[in-house]
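> Sharing protein26.tsv below, TSV, C-alpha atoms (C1' of nucleotides):
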chain	number	residue	atom	x	y	z
A	1	MET	CA	-28.17	-7.02	-53.72
A	2	PRO	CA	-25.09	-8.91	-54.83
A	3	GLU	CA	-24.63	-12.40	-53.45
A	4	LEU	CA	-22.04	-13.26	-50.86
A	5	ASP	CA	-19.22	-15.27	-52.34
A	6	ALA	CA	-16.93	-17.71	-50.59
A	7	ILE	CA	-14.44	-15.01	-49.57
A	8	ASP	CA	-17.16	-12.79	-48.14
A	9	ARG	CA	-18.35	-15.70	-46.06
A	10	LYS	CA	-14.85	-16.38	-44.82
A	11	ILE	CA	-14.52	-12.75	-43.82
A	12	LEU	CA	-17.82	-12.84	-41.94
A	13	SER	CA	-16.90	-16.08	-40.28
A	14	HIS	CA	-13.66	-14.64	-38.94
A	15	LEU	CA	-15.03	-11.25	-37.93
A	16	GLN	CA	-17.90	-12.89	-36.05
A	17	ASN	CA	-15.30	-14.48	-33.81
A	18	ASP	CA	-12.70	-11.76	-33.63
A	19	SER	CA	-13.18	-8.27	-34.98
A	20	ARG	CA	-9.92	-7.00	-33.56
A	21	MET	CA	-7.59	-8.80	-35.89
A	22	THR	CA	-5.79	-6.48	-38.27
A	23	MET	CA	-6.69	-6.21	-41.94
A	24	GLN	CA	-3.36	-7.87	-42.67
A	25	GLU	CA	-4.25	-10.92	-40.55
A	26	LEU	CA	-7.74	-11.12	-41.97
A	27	ALA	CA	-6.44	-10.75	-45.52
A	28	ASP	CA	-3.98	-13.59	-44.93
A	29	LYS	CA	-6.70	-15.84	-43.53
A	30	VAL	CA	-9.03	-15.30	-46.48
A	31	GLY	CA	-6.30	-15.36	-49.14
A	32	LEU	CA	-6.35	-11.76	-50.31
A	33	SER	CA	-4.09	-8.77	-49.90
A	34	VAL	CA	-5.04	-5.93	-47.61
A	35	SER	CA	-6.67	-3.62	-50.17
A	36	PRO	CA	-9.38	-5.85	-51.60
A	37	CYS	CA	-10.01	-7.37	-48.20
A	38	HIS	CA	-10.56	-3.94	-46.73
A	39	ARG	CA	-12.85	-2.98	-49.56
A	40	ARG	CA	-14.94	-6.12	-49.09
A	41	VAL	CA	-15.31	-5.45	-45.38
A	42	ARG	CA	-16.41	-1.88	-46.07
A	43	LEU	CA	-18.98	-3.08	-48.59
A	44	LEU	CA	-20.32	-5.65	-46.15
A	45	GLU	CA	-20.72	-2.85	-43.62
A	46	GLU	CA	-22.44	-0.55	-46.11
A	47	ARG	CA	-24.82	-3.27	-47.23
A	48	GLY	CA	-25.71	-3.95	-43.60
A	49	VAL	CA	-24.49	-7.52	-43.65
A	50	ILE	CA	-22.11	-6.54	-40.88
A	51	SER	CA	-24.35	-4.54	-38.62
A	52	ARG	CA	-22.13	-3.60	-35.68
A	53	TYR	CA	-18.85	-4.14	-33.89
A	54	ILE	CA	-19.18	-4.81	-30.20
A	55	ALA	CA	-17.33	-6.03	-27.13
A	56	THR	CA	-18.77	-9.03	-25.32
A	57	VAL	CA	-18.77	-8.85	-21.54
A	58	ASP	CA	-18.58	-11.77	-19.14
A	59	GLN	CA	-21.92	-12.29	-17.42
A	60	LYS	CA	-20.39	-13.74	-14.26
A	61	ALA	CA	-17.87	-10.91	-14.01
A	62	LEU	CA	-20.81	-8.52	-13.78
A	63	GLY	CA	-22.40	-10.68	-11.10
A	64	LEU	CA	-25.38	-11.57	-13.27
A	65	HIS	CA	-25.86	-15.09	-12.00
A	66	VAL	CA	-29.50	-15.62	-12.95
A	67	SER	CA	-30.80	-16.32	-16.47
A	68	VAL	CA	-34.51	-16.79	-16.89
A	69	PHE	CA	-36.74	-17.69	-19.78
A	70	ILE	CA	-40.20	-16.23	-19.49
A	71	SER	CA	-43.20	-17.39	-21.47
A	72	ILE	CA	-45.89	-14.77	-21.74
A	73	LYS	CA	-49.44	-14.92	-22.96
A	74	LEU	CA	-51.34	-11.73	-23.68
A	75	ALA	CA	-55.04	-11.24	-22.99
A	76	ARG	CA	-55.53	-10.09	-26.59
A	77	GLN	CA	-53.32	-10.41	-29.65
A	78	LYS	CA	-54.36	-7.40	-31.70
A	79	GLU	CA	-51.55	-5.59	-33.43
A	80	GLU	CA	-51.88	-2.63	-31.08
A	81	ASP	CA	-51.47	-4.94	-28.06
A	82	LEU	CA	-48.42	-6.60	-29.55
A	83	ASN	CA	-46.83	-3.25	-30.36
A	84	ARG	CA	-47.44	-1.90	-26.89
A	85	PHE	CA	-45.83	-4.96	-25.37
A	86	ALA	CA	-42.86	-4.77	-27.73
A	87	ARG	CA	-42.24	-1.11	-26.93
A	88	ALA	CA	-42.33	-1.78	-23.20
A	89	ILE	CA	-39.90	-4.67	-23.08
A	90	SER	CA	-37.55	-2.96	-25.54
A	91	LYS	CA	-36.79	-0.31	-22.94
A	92	TRP	CA	-35.71	-2.78	-20.26
A	93	ASP	CA	-32.04	-3.67	-20.18
A	94	GLU	CA	-32.69	-6.89	-18.27
A	95	VAL	CA	-34.49	-8.32	-21.31
A	96	LEU	CA	-31.83	-9.49	-23.72
A	97	GLU	CA	-34.04	-11.37	-26.14
A	98	CYS	CA	-37.72	-11.42	-26.98
A	99	TYR	CA	-39.46	-13.49	-29.64
A	100	LEU	CA	-43.01	-13.60	-30.86
A	101	MET	CA	-43.81	-17.30	-30.90
A	102	THR	CA	-46.09	-19.80	-32.54
A	103	GLY	CA	-48.06	-22.16	-30.34
A	104	ASN	CA	-49.94	-21.43	-27.18
A	105	ARG	CA	-47.47	-18.89	-25.79
A	106	ASP	CA	-47.23	-15.46	-27.36
A	107	TYR	CA	-43.76	-14.35	-26.30
A	108	LEU	CA	-40.54	-15.91	-25.11
A	109	LEU	CA	-38.14	-13.65	-23.23
A	110	ARG	CA	-34.61	-14.17	-21.97
A	111	VAL	CA	-33.89	-12.06	-18.93
A	112	VAL	CA	-30.75	-11.75	-16.79
A	113	ALA	CA	-30.50	-10.58	-13.21
A	114	ALA	CA	-27.94	-10.50	-10.43
A	115	ASP	CA	-29.88	-12.87	-8.17
A	116	LEU	CA	-33.39	-14.10	-7.44
A	117	ALA	CA	-34.17	-11.01	-5.39
A	118	SER	CA	-33.43	-8.63	-8.24
A	119	TYR	CA	-35.30	-10.88	-10.64
A	120	GLU	CA	-38.29	-10.64	-8.31
A	121	THR	CA	-37.90	-6.85	-8.38
A	122	PHE	CA	-37.90	-6.92	-12.17
A	123	LEU	CA	-41.10	-8.97	-12.15
A	124	LYS	CA	-42.87	-6.83	-9.57
A	125	THR	CA	-41.86	-3.38	-10.73
A	126	LYS	CA	-41.86	-3.95	-14.46
A	127	LEU	CA	-43.26	-7.04	-16.08
A	128	THR	CA	-46.34	-7.66	-13.95
A	129	ARG	CA	-47.26	-3.97	-14.11
A	130	LEU	CA	-47.88	-4.20	-17.84
A	131	ASP	CA	-51.50	-4.21	-18.88
A	132	GLY	CA	-52.93	-6.97	-20.98
A	133	ILE	CA	-50.81	-9.88	-19.77
A	134	ALA	CA	-52.80	-13.06	-19.26
A	135	SER	CA	-50.05	-15.27	-17.86
A	136	ILE	CA	-46.35	-15.38	-17.03
A	137	GLU	CA	-44.29	-18.53	-16.63
A	138	SER	CA	-40.63	-18.41	-15.59
A	139	SER	CA	-38.11	-21.17	-16.33
A	140	PHE	CA	-34.66	-20.85	-14.82
A	141	ALA	CA	-31.42	-21.76	-16.51
A	142	LEU	CA	-29.06	-23.79	-14.34
A	143	SER	CA	-26.14	-23.20	-16.66
A	144	GLN	CA	-25.27	-21.84	-20.06
A	145	VAL	CA	-24.05	-24.83	-22.05
A	146	LYS	CA	-23.45	-22.81	-25.21
A	147	TYR	CA	-23.78	-19.17	-26.12
A	148	SER	CA	-22.72	-17.94	-29.51
A	149	ILE	CA	-23.38	-14.81	-31.50
A	150	ALA	CA	-21.77	-16.25	-34.62
A	151	LEU	CA	-24.37	-17.15	-37.22
A	152	PRO	CA	-23.57	-20.05	-39.56
A	153	VAL	CA	-22.27	-18.59	-42.83
B	1	MET	CA	-10.55	-9.01	-8.02
B	2	PRO	CA	-11.04	-5.27	-7.82
B	3	GLU	CA	-14.56	-3.93	-8.12
B	4	LEU	CA	-15.81	-2.14	-11.20
B	5	ASP	CA	-16.26	1.56	-10.54
B	6	ALA	CA	-18.62	3.93	-12.32
B	7	ILE	CA	-16.14	4.72	-15.09
B	8	ASP	CA	-15.45	1.05	-15.77
B	9	ARG	CA	-19.17	0.48	-16.13
B	10	LYS	CA	-19.50	3.40	-18.51
B	11	ILE	CA	-16.68	1.97	-20.59
B	12	LEU	CA	-18.35	-1.44	-20.71
B	13	SER	CA	-21.70	0.09	-21.53
B	14	HIS	CA	-20.26	1.92	-24.52
B	15	LEU	CA	-18.07	-0.88	-25.81
B	16	GLN	CA	-20.98	-3.31	-25.65
B	17	ASN	CA	-22.75	-1.15	-28.19
B	18	ASP	CA	-19.84	0.01	-30.31
B	19	SER	CA	-16.34	-1.34	-30.03
B	20	ARG	CA	-15.13	0.57	-33.06
B	21	MET	CA	-15.07	4.02	-31.56
B	22	THR	CA	-11.58	5.35	-31.03
B	23	MET	CA	-9.98	5.61	-27.62
B	24	GLN	CA	-10.32	9.37	-27.99
B	25	GLU	CA	-14.09	9.14	-28.46
B	26	LEU	CA	-14.49	6.62	-25.65
B	27	ALA	CA	-12.32	8.72	-23.34
B	28	ASP	CA	-14.46	11.78	-24.07
B	29	LYS	CA	-17.65	9.86	-23.37
B	30	VAL	CA	-16.47	8.57	-19.98
B	31	GLY	CA	-14.72	11.77	-18.95
B	32	LEU	CA	-11.09	10.70	-19.04
B	33	SER	CA	-8.15	11.37	-21.29
B	34	VAL	CA	-6.89	8.71	-23.65
B	35	SER	CA	-4.15	7.23	-21.48
B	36	PRO	CA	-6.10	6.20	-18.37
B	37	CYS	CA	-9.03	5.16	-20.51
B	38	HIS	CA	-6.82	2.89	-22.56
B	39	ARG	CA	-5.29	1.43	-19.43
B	40	ARG	CA	-8.72	0.67	-17.98
B	41	VAL	CA	-9.83	-1.06	-21.16
B	42	ARG	CA	-6.69	-3.18	-21.17
B	43	LEU	CA	-7.24	-4.15	-17.54
B	44	LEU	CA	-10.86	-5.08	-18.25
B	45	GLU	CA	-9.60	-7.31	-21.05
B	46	GLU	CA	-6.91	-8.91	-18.90
B	47	ARG	CA	-9.36	-9.57	-16.08
B	48	GLY	CA	-11.71	-11.22	-18.56
B	49	VAL	CA	-14.53	-8.76	-17.98
B	50	ILE	CA	-14.32	-7.93	-21.65
B	51	SER	CA	-14.07	-11.35	-23.22
B	52	ARG	CA	-14.03	-10.68	-26.96
B	53	TYR	CA	-14.52	-8.18	-29.74
B	54	ILE	CA	-16.79	-9.34	-32.52
B	55	ALA	CA	-18.76	-8.21	-35.54
B	56	THR	CA	-22.49	-8.86	-35.53
B	57	VAL	CA	-24.00	-10.10	-38.77
B	58	ASP	CA	-27.54	-9.55	-39.97
B	59	GLN	CA	-29.50	-12.79	-39.81
B	60	LYS	CA	-31.78	-11.88	-42.71
B	61	ALA	CA	-28.86	-10.84	-44.89
B	62	LEU	CA	-27.56	-14.39	-44.53
B	63	GLY	CA	-30.96	-15.77	-45.45
B	64	LEU	CA	-31.48	-17.38	-42.04
B	65	HIS	CA	-35.21	-16.87	-41.81
B	66	VAL	CA	-36.06	-19.55	-39.26
B	67	SER	CA	-35.44	-19.32	-35.51
B	68	VAL	CA	-36.49	-22.25	-33.41
B	69	PHE	CA	-36.51	-22.96	-29.71
B	70	ILE	CA	-36.15	-26.62	-28.90
B	71	SER	CA	-36.96	-28.19	-25.56
B	72	ILE	CA	-35.17	-31.44	-24.98
B	73	LYS	CA	-35.55	-34.11	-22.37
B	74	LEU	CA	-32.88	-36.75	-21.91
B	75	ALA	CA	-33.56	-40.36	-21.03
B	76	ARG	CA	-31.11	-40.13	-18.15
B	77	GLN	CA	-29.57	-37.12	-16.43
B	78	LYS	CA	-26.29	-38.53	-15.17
B	79	GLU	CA	-23.31	-36.22	-15.49
B	80	GLU	CA	-21.85	-38.37	-18.25
B	81	ASP	CA	-25.07	-38.09	-20.25
B	82	LEU	CA	-25.19	-34.33	-19.81
B	83	ASN	CA	-21.56	-33.95	-20.87
B	84	ARG	CA	-22.05	-36.09	-23.94
B	85	PHE	CA	-25.01	-33.99	-24.99
B	86	ALA	CA	-23.15	-30.73	-24.34
B	87	ARG	CA	-20.17	-31.84	-26.43
B	88	ALA	CA	-22.40	-32.81	-29.33
B	89	ILE	CA	-24.43	-29.61	-29.58
B	90	SER	CA	-21.33	-27.47	-29.05
B	91	LYS	CA	-20.00	-28.63	-32.41
B	92	TRP	CA	-23.07	-27.57	-34.38
B	93	ASP	CA	-23.06	-24.04	-35.75
B	94	GLU	CA	-26.85	-23.99	-36.10
B	95	VAL	CA	-27.18	-24.09	-32.31
B	96	LEU	CA	-26.55	-20.57	-31.05
B	97	GLU	CA	-27.63	-21.04	-27.48
B	98	CYS	CA	-28.13	-23.96	-25.14
B	99	TYR	CA	-29.17	-23.87	-21.50
B	100	LEU	CA	-29.54	-26.55	-18.88
B	101	MET	CA	-32.93	-25.82	-17.36
B	102	THR	CA	-34.89	-26.38	-14.19
B	103	GLY	CA	-38.35	-27.89	-14.49
B	104	ASN	CA	-39.50	-30.82	-16.56
B	105	ARG	CA	-37.35	-30.05	-19.60
B	106	ASP	CA	-33.61	-30.62	-19.43
B	107	TYR	CA	-32.34	-28.32	-22.18
B	108	LEU	CA	-33.50	-25.30	-24.09
B	109	LEU	CA	-31.80	-24.64	-27.45
B	110	ARG	CA	-32.01	-21.76	-29.86
B	111	VAL	CA	-31.35	-22.88	-33.41
B	112	VAL	CA	-31.30	-20.90	-36.67
B	113	ALA	CA	-31.80	-22.23	-40.18
B	114	ALA	CA	-32.35	-20.91	-43.69
B	115	ASP	CA	-35.83	-22.40	-43.99
B	116	LEU	CA	-38.00	-25.21	-42.72
B	117	ALA	CA	-36.38	-27.70	-45.06
B	118	SER	CA	-32.91	-27.07	-43.72
B	119	TYR	CA	-34.24	-27.11	-40.17
B	120	GLU	CA	-35.71	-30.52	-40.92
B	121	THR	CA	-32.30	-31.61	-42.21
B	122	PHE	CA	-30.72	-30.42	-38.99
B	123	LEU	CA	-33.21	-32.44	-36.96
B	124	LYS	CA	-32.89	-35.58	-39.05
B	125	THR	CA	-29.15	-35.67	-39.59
B	126	LYS	CA	-28.00	-34.28	-36.26
B	127	LEU	CA	-30.30	-33.83	-33.32
B	128	THR	CA	-32.46	-36.95	-33.59
B	129	ARG	CA	-29.39	-39.09	-34.20
B	130	LEU	CA	-28.09	-38.39	-30.71
B	131	ASP	CA	-28.46	-41.23	-28.24
B	132	GLY	CA	-30.28	-40.76	-24.99
B	133	ILE	CA	-32.85	-38.19	-26.04
B	134	ALA	CA	-36.28	-38.89	-24.62
B	135	SER	CA	-38.22	-36.07	-26.29
B	136	ILE	CA	-37.84	-33.07	-28.57
B	137	GLU	CA	-40.30	-30.21	-28.84
B	138	SER	CA	-39.85	-27.37	-31.34
B	139	SER	CA	-41.36	-23.91	-30.97
B	140	PHE	CA	-40.97	-21.49	-33.84
B	141	ALA	CA	-40.30	-17.79	-33.52
B	142	LEU	CA	-42.48	-15.65	-35.77
B	143	SER	CA	-40.30	-12.60	-35.25
B	144	GLN	CA	-37.44	-11.31	-33.19
B	145	VAL	CA	-38.90	-8.50	-31.11
B	146	LYS	CA	-35.63	-7.76	-29.31
B	147	TYR	CA	-32.14	-9.14	-29.53
B	148	SER	CA	-29.35	-7.62	-27.51
B	149	ILE	CA	-25.90	-8.77	-26.49
B	150	ALA	CA	-25.42	-5.84	-24.12
B	151	LEU	CA	-25.67	-6.97	-20.51
B	152	PRO	CA	-27.00	-4.46	-17.99
B	153	VAL	CA	-24.00	-2.85	-16.24
C	1	DC	C1'	-3.57	20.33	9.59
C	2	DG	C1'	0.33	18.89	6.99
C	3	DT	C1'	3.00	15.27	4.91
C	4	DC	C1'	4.03	11.02	3.02
C	5	DT	C1'	2.82	6.99	0.01
C	6	DG	C1'	0.61	4.56	-3.58
C	7	DA	C1'	-2.54	4.79	-7.22
C	8	DT	C1'	-4.40	7.18	-11.07
C	9	DT	C1'	-4.15	10.57	-14.51
C	10	DG	C1'	-2.62	13.31	-18.69
C	11	DG	C1'	0.57	14.57	-22.41
C	12	DT	C1'	3.80	13.26	-25.78
C	13	DA	C1'	6.23	10.49	-29.04
C	14	DA	C1'	6.86	6.26	-31.53
C	15	DA	C1'	4.93	2.28	-33.57
C	16	DA	C1'	1.22	-0.06	-35.64
C	17	DT	C1'	-2.78	0.07	-38.44
C	18	DA	C1'	-6.42	1.78	-41.46
C	19	DT	C1'	-7.47	4.04	-45.47
C	20	DC	C1'	-7.10	5.90	-50.08
C	21	DC	C1'	-5.33	6.16	-54.79
C	22	DC	C1'	-3.87	4.21	-59.05
C	23	DA	C1'	-1.84	0.84	-61.98
C	24	DA	C1'	-1.98	-4.11	-62.94
C	25	DT	C1'	-4.53	-8.23	-63.33
C	26	DA	C1'	-8.29	-11.24	-63.84
C	27	DT	C1'	-13.08	-12.34	-65.51
C	28	DC	C1'	-16.77	-12.58	-68.60
C	29	DG	C1'	-19.46	-11.96	-72.85
C	30	DG	C1'	-19.30	-11.89	-77.57
D	1	DC	C1'	-9.21	-14.07	-79.50
D	2	DC	C1'	-10.53	-9.43	-78.07
D	3	DG	C1'	-12.56	-5.73	-75.49
D	4	DA	C1'	-15.15	-4.01	-71.42
D	5	DT	C1'	-15.84	-4.31	-66.58
D	6	DA	C1'	-14.89	-5.67	-62.10
D	7	DT	C1'	-11.46	-6.98	-58.83
D	8	DT	C1'	-6.91	-7.07	-57.06
D	9	DG	C1'	-2.27	-5.52	-55.17
D	10	DG	C1'	1.21	-2.21	-53.74
D	11	DG	C1'	2.55	1.96	-51.88
D	12	DA	C1'	1.83	6.62	-49.70
D	13	DT	C1'	-0.60	9.07	-46.22
D	14	DA	C1'	-3.58	9.81	-42.33
D	15	DT	C1'	-5.33	7.96	-38.22
D	16	DT	C1'	-5.11	5.37	-34.17
D	17	DT	C1'	-3.00	2.60	-30.71
D	18	DT	C1'	0.32	1.97	-27.45
D	19	DA	C1'	4.19	2.82	-24.14
D	20	DC	C1'	6.62	5.95	-21.29
D	21	DC	C1'	7.13	9.39	-17.75
D	22	DA	C1'	6.05	13.38	-15.11
D	23	DA	C1'	2.15	15.53	-12.66
D	24	DT	C1'	-1.85	15.14	-9.91
D	25	DC	C1'	-4.96	13.15	-6.69
D	26	DA	C1'	-6.74	10.38	-2.61
D	27	DG	C1'	-6.17	8.43	1.63
D	28	DA	C1'	-3.48	7.11	5.95
D	29	DC	C1'	-1.23	8.68	9.73
D	30	DG	C1'	1.30	11.41	12.88
Could you write out this structure as structure tokens?


Amino acid sequence: MPELDAIDRKILSHLQNDSRMTMQELADKVGLSVSPCHRRVRLLEERGVISRYIATVDQKALGLHVSVFISIKLARQKEEDLNRFARAISKWDEVLECYLMTGNRDYLLRVVAADLASYETFLKTKLTRLDGIASIESSFALSQVKYSIALPV
Amino acid sequence: MPELDAIDRKILSHLQNDSRMTMQELADKVGLSVSPCHRRVRLLEERGVISRYIATVDQKALGLHVSVFISIKLARQKEEDLNRFARAISKWDEVLECYLMTGNRDYLLRVVAADLASYETFLKTKLTRLDGIASIESSFALSQVKYSIALPV
DNA sequence: CGTCTGATTGGTAAAATATCCCAATATCGG
DNA sequence: CCGATATTGGGATATTTTACCAATCAGACG
């Protein structure tokens, strides 16, 4: 796997913030002409460094006013239990992020919902119906101070 | 602000997962021809429902192996203190997410770093140098079970 | 039940952009 | 300094986006 050089990193940095700019614009910004710039982008895609191109949607515009962080502890932590839990939460669109954690909590989830009522529905019809959960603790976000998808390059 | 109808939601749902498909493909998927589909996308952009188009980059490919959640409590919670904190963390690329929380912790941050050493550098040279922080508590993610940018539509 | 009005759709053509090919240039090891 | 290899740049072509306009559809109202 070849290393990323300074130009590759510039390309990633720009595309992480705006993937709609033209190759000409991107090439200008990174100091190349269109051809080599295009080839570098294609290689980054093929190597999986660039994984996808997506549109970001405004959470408020969709009426999703509630963001919740949920700490979860499982009754047992065998691999089979962890896998079962992972499969379940992967299906649910409300769960945007899920991490297996160190410390005394097993999982940390970020969940969005339209309001408290629909969050309660999510809890009652989905999360609490899972087997093997020892405890659930919800912490609500009052506001999103920063949200970025752009990794430091 | 006009409501989003079923076709708008289909458009958003597809573009959240792949913004590189052509208008022709998208139009086929939502059951329209290119013209009205294109017009709807443009309106969604103008209304701010679609906020940006971006490339997603693979965290491992960049060598960012450490994900940390940091709970922070401030010494005081006056608006001026909150704003000062928000301005500071907004500048730092390592901080991908920051939420103002309910409960006994003021902020929850998600931070990425190459390894523990560079995370320590982040703490020592940036976070702990901020004034007005009463306590910092780091929780490490062992693995990312799910990470999605696609909001439920 | 028909007709009018405004909004939405679909097709087409022009403009912008991506993509590919090949020659020119730069880089690195000896 | 020279040769081999990788990278770059320009131009031609194919694809895609975008704007325009006529046709269709939905709903209000007599």

> Need the shell around DA15 in chain C: protein/DNA/RNA residues with any atom at most 12 Å away, counting all atoms listed in the file. Skip same-chain ones fewer than 3 positions apart. Format as a count of residues only?

4

> Using only C-alpha atoms (C1' of nucleotides), find each residue in chain B having at least one atom no more than 10 Å away from chain D; report its shortest atom-to-atom pair and that distance in Å (one decimal), rows by chain then rising number, as CSV.


residue,atom,partner,partner_atom,distance
B:Thr22,CA,D:DT16,C1',7.2
B:Met23,CA,D:DT16,C1',8.2
B:Gln24,CA,D:DT16,C1',9.0
B:Ser35,CA,D:DT18,C1',9.1
B:His38,CA,D:DT18,C1',8.7
B:Arg39,CA,D:DT18,C1',9.8

> Residues of chain B within 9 Å of chain A: nearest atom pair and distance (Å, one decimal) for each, counting all atoms listed in the file, sorted by chain and number, as a Markdown table?


| residue | atom | partner | partner_atom | distance |
| --- | --- | --- | --- | --- |
| B:Leu4 | CA | A:Leu62 | CA | 8.5 |
| B:Leu12 | CA | A:Val57 | CA | 7.5 |
| B:His14 | CA | A:Ala55 | CA | 8.9 |
| B:Leu15 | CA | A:Ala55 | CA | 5.4 |
| B:Gln16 | CA | A:Ala55 | CA | 4.8 |
| B:Asn17 | CA | A:Ile54 | CA | 5.5 |
| B:Asp18 | CA | A:Ile54 | CA | 4.9 |
| B:Ser19 | CA | A:Ile54 | CA | 4.5 |
| B:Arg20 | CA | A:Tyr53 | CA | 6.1 |
| B:Arg47 | CA | A:Ala61 | CA | 8.9 |
| B:Gly48 | CA | A:Asp58 | CA | 6.9 |
| B:Val49 | CA | A:Asp58 | CA | 5.2 |
| B:Ile50 | CA | A:Val57 | CA | 4.5 |
| B:Ser51 | CA | A:Val57 | CA | 5.6 |
| B:Arg52 | CA | A:Thr56 | CA | 5.3 |
| B:Tyr53 | CA | A:Ala55 | CA | 4.4 |
| B:Ile54 | CA | A:Ser19 | CA | 4.5 |
| B:Ala55 | CA | A:Tyr53 | CA | 4.4 |
| B:Thr56 | CA | A:Arg52 | CA | 5.3 |
| B:Val57 | CA | A:Ile50 | CA | 4.5 |
| B:Asp58 | CA | A:Val49 | CA | 5.2 |
| B:Gln59 | CA | A:Leu151 | CA | 7.2 |
| B:Lys60 | CA | A:Val49 | CA | 8.5 |
| B:Ala61 | CA | A:Val49 | CA | 5.6 |
| B:Leu62 | CA | A:Val153 | CA | 7.0 |
| B:Leu64 | CA | A:Leu151 | CA | 8.6 |
| B:Ala86 | CA | A:Val145 | CA | 6.4 |
| B:Ile89 | CA | A:Lys146 | CA | 8.1 |
| B:Ser90 | CA | A:Lys146 | CA | 6.4 |
| B:Asp93 | CA | A:Pro152 | CA | 5.5 |
| B:Glu94 | CA | A:Pro152 | CA | 6.2 |
| B:Val95 | CA | A:Ser148 | CA | 8.1 |
| B:Leu96 | CA | A:Ser148 | CA | 4.9 |
| B:Glu97 | CA | A:Tyr147 | CA | 4.5 |
| B:Cys98 | CA | A:Lys146 | CA | 4.8 |
| B:Tyr99 | CA | A:Gln144 | CA | 4.6 |
| B:Leu100 | CA | A:Ser143 | CA | 5.3 |
| B:Met101 | CA | A:Ala141 | CA | 4.4 |
| B:Thr102 | CA | A:Phe140 | CA | 5.6 |
| B:Gly103 | CA | A:Ser139 | CA | 7.0 |
| B:Tyr107 | CA | A:Ala141 | CA | 8.7 |
| B:Leu108 | CA | A:Ala141 | CA | 8.6 |
| B:Leu109 | CA | A:Lys146 | CA | 8.8 |
| B:Val112 | CA | A:Leu151 | CA | 7.9 |
| B:Ala113 | CA | A:Pro152 | CA | 8.5 |
| B:Ser139 | CA | A:Thr102 | CA | 6.5 |
| B:Phe140 | CA | A:Thr102 | CA | 5.5 |
| B:Ala141 | CA | A:Met101 | CA | 4.4 |
| B:Leu142 | CA | A:Met101 | CA | 5.3 |
| B:Ser143 | CA | A:Leu100 | CA | 5.3 |
| B:Gln144 | CA | A:Tyr99 | CA | 4.6 |
| B:Val145 | CA | A:Cys98 | CA | 5.2 |
| B:Lys146 | CA | A:Cys98 | CA | 4.8 |
| B:Tyr147 | CA | A:Glu97 | CA | 4.5 |
| B:Ser148 | CA | A:Leu96 | CA | 4.9 |
| B:Ile149 | CA | A:Leu96 | CA | 6.6 |
| B:Ala150 | CA | A:Leu96 | CA | 7.4 |
| B:Leu151 | CA | A:Asp93 | CA | 7.2 |
| B:Pro152 | CA | A:Asp93 | CA | 5.6 |
| B:Val153 | CA | A:Leu62 | CA | 7.0 |

> When you draw a straight line from CA of Pro36 in chain B to C1' of DT17 in chain C, how long is it in Å?

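Pair CA of Pro36 in chain B / C1' of DT17 in chain C returns 21.2 Å.
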
> Would you kindly report the residues of chain C within 10 Å of chain A, using all atoms listed in the file, as a list in words?

DA16, DT17, DA18, DT19 and DC20 of chain C

> Just give me the gap between CA of Ser71 in chain B and CA of Leu130 in chain B in Å, one decimal is fine.

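CA of Ser71 in chain B sits 14.5 Å away from CA of Leu130 in chain B.
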
> For Val41 in chain A, which residue among A:Ala6, A:Ile11, A:Glu25, A:Val66 is the nearest when counting all atoms listed in the file?

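With all atoms listed in the file as the atom set, the closest residue is A:Ile11.
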
> One decimal, in Å: what's the spacing between CA of Thr128 in chain B and CA of Ile72 in chain B?

10.6 Å
